[in-house]
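Structure file my_file_10.pdb; described as PDB, C-alpha atoms.
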```
ATOM      1  CA  MET P 251     -54.579  -6.311  46.614
ATOM      2  CA  ASN P 252     -55.892  -3.294  44.893
ATOM      3  CA  GLU P 253     -53.417  -0.447  45.443
ATOM      4  CA  SER P 254     -54.086   2.994  44.143
ATOM      5  CA  LEU P 255     -52.106   4.658  41.423
ATOM      6  CA  ALA P 256     -50.575   7.052  43.988
ATOM      7  CA  GLU P 257     -49.379   4.094  46.123
ATOM      8  CA  ARG P 258     -47.775   2.435  43.104
ATOM      9  CA  ILE P 259     -46.009   5.672  42.186
ATOM     10  CA  THR P 260     -44.756   6.047  45.767
ATOM     11  CA  ARG P 261     -43.466   2.454  45.767
ATOM     12  CA  TYR P 262     -41.697   2.906  42.428
ATOM     13  CA  ARG P 263     -40.127   6.178  43.626
ATOM     14  CA  ALA P 264     -38.758   4.336  46.666
ATOM     15  CA  VAL P 265     -37.252   1.608  44.449
ATOM     16  CA  GLU P 266     -35.831   4.254  42.117
ATOM     17  CA  SER P 267     -34.217   6.047  45.056
ATOM     18  CA  TRP P 268     -32.687   2.817  46.365
ATOM     19  CA  LEU P 269     -31.335   1.928  42.887
ATOM     20  CA  GLN P 270     -29.792   5.401  42.527
ATOM     21  CA  HIS P 271     -28.129   4.941  45.907
ATOM     22  CA  GLN P 272     -26.740   1.539  44.852
ATOM     23  CA  LEU P 273     -25.527   2.960  41.539
ATOM     24  CA  GLY P 274     -23.712   5.739  43.407
ATOM     25  CA  ARG P 275     -21.969   3.180  45.612
ATOM     26  CA  ILE P 276     -20.964   1.087  42.589
ATOM     27  CA  ARG P 277     -19.582   4.133  40.785
ATOM     28  CA  ALA P 278     -17.585   5.130  43.875
ATOM     29  CA  ASP P 279     -16.193   1.595  44.196
ATOM     30  CA  LEU P 280     -15.270   1.527  40.499
ATOM     31  CA  ALA P 281     -13.489   4.871  40.770
ATOM     32  CA  ARG P 282     -11.538   3.636  43.806
ATOM     33  CA  LEU P 283     -10.582   0.385  42.048
ATOM     34  CA  GLU P 284      -9.469   2.233  38.910
ATOM     35  CA  VAL P 285      -7.219   4.474  41.015
ATOM     36  CA  GLU P 286      -5.731   1.387  42.707
ATOM     37  CA  GLU P 287      -5.177  -0.286  39.333
ATOM     38  CA  ALA P 288      -3.435   2.801  37.911
ATOM     39  CA  ALA P 289      -1.189   3.019  40.964
ATOM     40  CA  LEU P 290      -0.299  -0.668  40.640
ATOM     41  CA  ARG P 291       0.497  -0.264  36.930
ATOM     42  CA  ALA P 292       2.694   2.749  37.680
ATOM     43  CA  ARG P 293       4.737   0.742  40.208
ATOM     44  CA  ARG P 294       5.198  -2.196  37.848
ATOM     45  CA  PRO P 295       6.698  -1.041  34.549
ATOM     46  CA  ALA P 296       5.821  -3.054  31.473
ATOM     47  CA  LEU P 297       8.421  -5.467  30.178
ATOM     48  CA  PRO P 298      10.008  -4.478  26.882
ATOM     49  CA  LEU P 299       8.593  -6.230  23.833
ATOM     50  CA  PRO P 300      10.828  -8.702  22.025
ATOM     51  CA  ASP P 301      11.669  -7.968  18.389
ATOM     52  CA  TRP P 302      10.397 -11.339  17.130
ATOM     53  CA  VAL P 303       8.209 -14.109  18.587
ATOM     54  CA  ILE P 304       7.681 -17.734  17.582
ATOM     55  CA  GLU P 305       4.197 -19.103  18.244
ATOM     56  CA  THR P 306       3.710 -22.823  18.818
ATOM     57  CA  ILE P 307       0.581 -24.972  18.691
ATOM     58  CA  ARG P 308      -0.244 -28.168  20.524
ATOM     59  CA  THR P 309      -0.486 -31.331  18.492
ATOM     60  CA  GLY P 310      -0.741 -35.027  19.270
ATOM     61  CA  ARG P 311       3.037 -35.184  18.871
ATOM     62  CA  GLY P 312       3.661 -32.270  21.222
ATOM     63  CA  PRO P 313       4.201 -28.555  20.579
ATOM     64  CA  GLN P 314       4.996 -27.624  16.970
ATOM     65  CA  LEU P 315       6.313 -24.355  15.537
ATOM     66  CA  PHE P 316       3.429 -22.471  13.951
ATOM     67  CA  ARG P 317       4.008 -18.797  13.130
ATOM     68  CA  VAL P 318       6.638 -16.089  13.361
ATOM     69  CA  HIS P 319       5.378 -12.698  14.574
ATOM     70  CA  ARG P 320       6.842  -9.266  15.096
ATOM     71  CA  GLY P 321       7.275  -8.622  18.804
ATOM     72  CA  ASP P 322       4.567  -5.956  18.824
ATOM     73  CA  CYS P 323       1.983  -8.100  17.000
ATOM     74  CA  PRO P 324      -1.254  -8.247  19.035
ATOM     75  CA  GLN P 325      -1.829 -11.790  17.757
ATOM     76  CA  GLY P 326       1.681 -12.998  18.563
ATOM     77  CA  THR P 327       2.205 -14.970  21.719
ATOM     78  CA  GLY P 328       5.077 -17.287  22.380
ATOM     79  CA  LYS P 329       8.807 -17.405  22.839
ATOM     80  CA  PRO P 330      11.036 -14.451  21.913
ATOM     81  CA  VAL P 331      13.592 -15.225  19.198
ATOM     82  CA  SER P 332      16.440 -13.299  17.598
ATOM     83  CA  ARG P 333      16.264 -11.722  14.156
ATOM     84  CA  ASP P 334      18.519 -14.428  12.735
ATOM     85  CA  GLU P 335      16.405 -17.188  14.270
ATOM     86  CA  ALA P 336      13.195 -15.617  12.927
ATOM     87  CA  ARG P 337      14.716 -15.428   9.426
ATOM     88  CA  ARG P 338      15.921 -19.047   9.665
ATOM     89  CA  LEU P 339      12.481 -20.252  10.775
ATOM     90  CA  LEU P 340      10.703 -18.385   7.970
ATOM     91  CA  ALA P 341      13.168 -19.643   5.369
ATOM     92  CA  GLY P 342      12.648 -23.157   6.731
ATOM     93  CA  GLY P 343       8.901 -23.064   6.163
ATOM     94  CA  THR P 344       7.462 -21.744   9.419
ATOM     95  CA  GLU P 345       4.401 -19.637   8.617
ATOM     96  CA  SER P 346       4.628 -15.847   8.640
ATOM     97  CA  CYS P 347       1.849 -14.062  10.537
ATOM     98  CA  PRO P 348      -0.617 -12.665   7.985
ATOM     99  CA  PHE P 349      -1.412  -9.778  10.339
ATOM    100  CA  CYS P 350       2.043  -8.338  11.108
ATOM    101  CA  GLY P 351       3.947  -9.768   8.112
ATOM    102  CA  PRO P 352       7.411 -10.444   9.539
ATOM    103  CA  ALA P 353       8.565 -12.137   6.322
ATOM    104  CA  VAL P 354       8.268  -8.813   4.478
ATOM    105  CA  GLU P 355      10.267  -6.927   7.089
ATOM    106  CA  LEU P 356      12.862  -9.698   7.352
ATOM    107  CA  GLN P 357      12.973  -9.990   3.544
ATOM    108  CA  VAL P 358      12.351 -13.740   3.526
ATOM    109  CA  ASP P 359      10.410 -15.321   0.650
ATOM    110  CA  GLY P 360       9.741 -18.702   2.227
ATOM    111  CA  PRO P 361      11.222 -22.197   2.201
ATOM    112  CA  ALA P 362      14.208 -22.659  -0.076
TER     113      ALA P 362
END
```
Write-out of the structure in C-alpha cells:
Amino acid sequence: MNESLAERITRYRAVESWLQHQLGRIRADLARLEVEEAALRARRPALPLPDWVIETIRTGRGPQLFRVHRGDCPQGTGKPVSRDEARRLLAGGTESCPFCGPAVELQVDGPA
C-alpha cells in the first residue's frame, strides 16, 4: 500500500486526536479519584504516633527483637513500647536505629 504523505498526516492527526481525548478522560478520572481519596482521609483521622517502637525480625527460631525506633521514625515499624521499656531494651543490647537515634534521646549508652 502506497499512501500519500497527506494521507499519513491525516491518519496521524486522527490518532493524535483520539489520544488527546483519552488523556482528557484519564485526567478527569484521576482528579475525581483524588477528590474521593482526600474526602476519605478527612473522614478517617490518622492515629497518633507512639513515642517509641520496637522492630522485630523473623528468624528460624521465631521473631527476635531487632531495633528500637522513635515513634516518628519513617523506618520504624513494629510494636509501640513505653519510654521505660525502650530504655530497658537499649540497655539490654537491642540495637538503636541509626536513622532516628533513640539511644541518644533516651540517654542510653548500650548494654551494661
> Can you tell me, as a PyMOL selection string, what residues are no more than 8 Å from segment 318-327 of chain P when counting all atoms listed in the file, ignoring any on the same chain fewer than 3 positions away?
Replying inline: chain P and resi 299-305+330+336+339-340+344-347+349-352
Could you put an axis-aligned box around every listed atom of segment 280-297 of chain P, padded by 8 Å on each side, and send me its centre and edge lengths in Å to one decimal, as AutoDock Vina command-line options?
```
--center_x -3.4 --center_y -0.3 --center_z 37.0 --size_x 39.7 --size_y 26.3 --size_z 29.6
```
> Separation of atom CA of Thr306 of chain P and atom CA of Glu335 of chain P, in Å?
Replying inline: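 Computing it gives 14.6 Å between the two atoms.
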>> So the first atom is atom CA of Val285 of chain P and the second is atom CA of Gln270 of chain P; what is the distance between them in Å, to one decimal place?
In response: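 Distance between the two atoms: 22.6 Å.
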>> Report, in Å with one decimal, the straight-line distance from atom CA of Gly328 of chain P to atom CA of Pro313 of chain P.
In response: 11.4 Å
Can you give me N, CA and C atoms for segment 277-311 of chain P, written as a PDB file, in the frame of the given file?
```pdb
ATOM      1  N   ARG P 277     -20.452   3.191  41.488  1.00  0.00           N
ATOM      2  CA  ARG P 277     -19.582   4.133  40.785  1.00  0.00           C
ATOM      3  C   ARG P 277     -18.411   4.559  41.673  1.00  0.00           C
ATOM      4  N   ALA P 278     -18.667   4.768  42.948  1.00  0.00           N
ATOM      5  CA  ALA P 278     -17.585   5.130  43.875  1.00  0.00           C
ATOM      6  C   ALA P 278     -16.591   3.991  44.007  1.00  0.00           C
ATOM      7  N   ASP P 279     -17.087   2.758  44.114  1.00  0.00           N
ATOM      8  CA  ASP P 279     -16.193   1.595  44.196  1.00  0.00           C
ATOM      9  C   ASP P 279     -15.370   1.440  42.929  1.00  0.00           C
ATOM     10  N   LEU P 280     -15.997   1.618  41.764  1.00  0.00           N
ATOM     11  CA  LEU P 280     -15.270   1.527  40.499  1.00  0.00           C
ATOM     12  C   LEU P 280     -14.173   2.580  40.412  1.00  0.00           C
ATOM     13  N   ALA P 281     -14.487   3.805  40.809  1.00  0.00           N
ATOM     14  CA  ALA P 281     -13.489   4.871  40.770  1.00  0.00           C
ATOM     15  C   ALA P 281     -12.315   4.535  41.681  1.00  0.00           C
ATOM     16  N   ARG P 282     -12.603   4.019  42.872  1.00  0.00           N
ATOM     17  CA  ARG P 282     -11.538   3.636  43.806  1.00  0.00           C
ATOM     18  C   ARG P 282     -10.685   2.521  43.230  1.00  0.00           C
ATOM     19  N   LEU P 283     -11.319   1.504  42.635  1.00  0.00           N
ATOM     20  CA  LEU P 283     -10.582   0.385  42.048  1.00  0.00           C
ATOM     21  C   LEU P 283      -9.730   0.825  40.860  1.00  0.00           C
ATOM     22  N   GLU P 284     -10.242   1.738  40.054  1.00  0.00           N
ATOM     23  CA  GLU P 284      -9.469   2.233  38.910  1.00  0.00           C
ATOM     24  C   GLU P 284      -8.247   3.004  39.371  1.00  0.00           C
ATOM     25  N   VAL P 285      -8.367   3.763  40.459  1.00  0.00           N
ATOM     26  CA  VAL P 285      -7.219   4.474  41.015  1.00  0.00           C
ATOM     27  C   VAL P 285      -6.190   3.468  41.527  1.00  0.00           C
ATOM     28  N   GLU P 286      -6.645   2.431  42.213  1.00  0.00           N
ATOM     29  CA  GLU P 286      -5.731   1.387  42.707  1.00  0.00           C
ATOM     30  C   GLU P 286      -5.017   0.695  41.553  1.00  0.00           C
ATOM     31  N   GLU P 287      -5.765   0.389  40.490  1.00  0.00           N
ATOM     32  CA  GLU P 287      -5.177  -0.286  39.333  1.00  0.00           C
ATOM     33  C   GLU P 287      -4.117   0.595  38.675  1.00  0.00           C
ATOM     34  N   ALA P 288      -4.397   1.883  38.520  1.00  0.00           N
ATOM     35  CA  ALA P 288      -3.435   2.801  37.911  1.00  0.00           C
ATOM     36  C   ALA P 288      -2.177   2.907  38.763  1.00  0.00           C
ATOM     37  N   ALA P 289      -2.352   2.946  40.070  1.00  0.00           N
ATOM     38  CA  ALA P 289      -1.189   3.019  40.964  1.00  0.00           C
ATOM     39  C   ALA P 289      -0.354   1.742  40.866  1.00  0.00           C
ATOM     40  N   LEU P 290      -1.009   0.606  40.770  1.00  0.00           N
ATOM     41  CA  LEU P 290      -0.299  -0.668  40.640  1.00  0.00           C
ATOM     42  C   LEU P 290       0.465  -0.728  39.323  1.00  0.00           C
ATOM     43  N   ARG P 291      -0.161  -0.283  38.236  1.00  0.00           N
ATOM     44  CA  ARG P 291       0.497  -0.264  36.930  1.00  0.00           C
ATOM     45  C   ARG P 291       1.706   0.659  36.938  1.00  0.00           C
ATOM     46  N   ALA P 292       1.592   1.784  37.633  1.00  0.00           N
ATOM     47  CA  ALA P 292       2.694   2.749  37.680  1.00  0.00           C
ATOM     48  C   ALA P 292       3.892   2.184  38.441  1.00  0.00           C
ATOM     49  N   ARG P 293       3.645   1.344  39.433  1.00  0.00           N
ATOM     50  CA  ARG P 293       4.737   0.742  40.208  1.00  0.00           C
ATOM     51  C   ARG P 293       5.411  -0.386  39.466  1.00  0.00           C
ATOM     52  N   ARG P 294       4.683  -1.030  38.554  1.00  0.00           N
ATOM     53  CA  ARG P 294       5.198  -2.196  37.848  1.00  0.00           C
ATOM     54  C   ARG P 294       5.342  -1.852  36.366  1.00  0.00           C
ATOM     55  N   PRO P 295       6.535  -1.417  35.953  1.00  0.00           N
ATOM     56  CA  PRO P 295       6.698  -1.041  34.549  1.00  0.00           C
ATOM     57  C   PRO P 295       6.533  -2.248  33.633  1.00  0.00           C
ATOM     58  N   ALA P 296       6.030  -1.978  32.444  1.00  0.00           N
ATOM     59  CA  ALA P 296       5.821  -3.054  31.473  1.00  0.00           C
ATOM     60  C   ALA P 296       7.166  -3.575  30.979  1.00  0.00           C
ATOM     61  N   LEU P 297       7.214  -4.869  30.730  1.00  0.00           N
ATOM     62  CA  LEU P 297       8.421  -5.467  30.178  1.00  0.00           C
ATOM     63  C   LEU P 297       8.587  -5.020  28.728  1.00  0.00           C
ATOM     64  N   PRO P 298       9.818  -4.860  28.280  1.00  0.00           N
ATOM     65  CA  PRO P 298      10.008  -4.478  26.882  1.00  0.00           C
ATOM     66  C   PRO P 298       9.570  -5.610  25.953  1.00  0.00           C
ATOM     67  N   LEU P 299       9.036  -5.231  24.803  1.00  0.00           N
ATOM     68  CA  LEU P 299       8.593  -6.230  23.833  1.00  0.00           C
ATOM     69  C   LEU P 299       9.797  -6.823  23.116  1.00  0.00           C
ATOM     70  N   PRO P 300       9.751  -8.124  22.822  1.00  0.00           N
ATOM     71  CA  PRO P 300      10.828  -8.702  22.025  1.00  0.00           C
ATOM     72  C   PRO P 300      10.691  -8.223  20.571  1.00  0.00           C
ATOM     73  N   ASP P 301      11.749  -8.365  19.795  1.00  0.00           N
ATOM     74  CA  ASP P 301      11.669  -7.968  18.389  1.00  0.00           C
ATOM     75  C   ASP P 301      10.876  -8.978  17.573  1.00  0.00           C
ATOM     76  N   TRP P 302      11.038 -10.262  17.885  1.00  0.00           N
ATOM     77  CA  TRP P 302      10.397 -11.339  17.130  1.00  0.00           C
ATOM     78  C   TRP P 302       9.909 -12.405  18.096  1.00  0.00           C
ATOM     79  N   VAL P 303       8.813 -13.078  17.733  1.00  0.00           N
ATOM     80  CA  VAL P 303       8.209 -14.109  18.587  1.00  0.00           C
ATOM     81  C   VAL P 303       7.868 -15.315  17.720  1.00  0.00           C
ATOM     82  N   ILE P 304       8.100 -16.514  18.266  1.00  0.00           N
ATOM     83  CA  ILE P 304       7.681 -17.734  17.582  1.00  0.00           C
ATOM     84  C   ILE P 304       6.500 -18.323  18.357  1.00  0.00           C
ATOM     85  N   GLU P 305       5.412 -18.530  17.661  1.00  0.00           N
ATOM     86  CA  GLU P 305       4.197 -19.103  18.244  1.00  0.00           C
ATOM     87  C   GLU P 305       4.197 -20.608  17.986  1.00  0.00           C
ATOM     88  N   THR P 306       3.823 -21.377  18.982  1.00  0.00           N
ATOM     89  CA  THR P 306       3.710 -22.823  18.818  1.00  0.00           C
ATOM     90  C   THR P 306       2.255 -23.237  19.003  1.00  0.00           C
ATOM     91  N   ILE P 307       1.915 -24.400  18.482  1.00  0.00           N
ATOM     92  CA  ILE P 307       0.581 -24.972  18.691  1.00  0.00           C
ATOM     93  C   ILE P 307       0.749 -26.370  19.267  1.00  0.00           C
ATOM     94  N   ARG P 308      -0.256 -26.820  19.955  1.00  0.00           N
ATOM     95  CA  ARG P 308      -0.244 -28.168  20.524  1.00  0.00           C
ATOM     96  C   ARG P 308      -0.749 -29.149  19.487  1.00  0.00           C
ATOM     97  N   THR P 309      -0.054 -30.257  19.384  1.00  0.00           N
ATOM     98  CA  THR P 309      -0.486 -31.331  18.492  1.00  0.00           C
ATOM     99  C   THR P 309      -0.400 -32.638  19.262  1.00  0.00           C
ATOM    100  N   GLY P 310      -0.838 -33.709  18.637  1.00  0.00           N
ATOM    101  CA  GLY P 310      -0.741 -35.027  19.270  1.00  0.00           C
ATOM    102  C   GLY P 310       0.703 -35.458  19.486  1.00  0.00           C
ATOM    103  N   ARG P 311       1.612 -34.863  18.732  1.00  0.00           N
ATOM    104  CA  ARG P 311       3.037 -35.184  18.871  1.00  0.00           C
ATOM    105  C   ARG P 311       3.762 -34.174  19.737  1.00  0.00           C
TER     106      ARG P 311
END
```
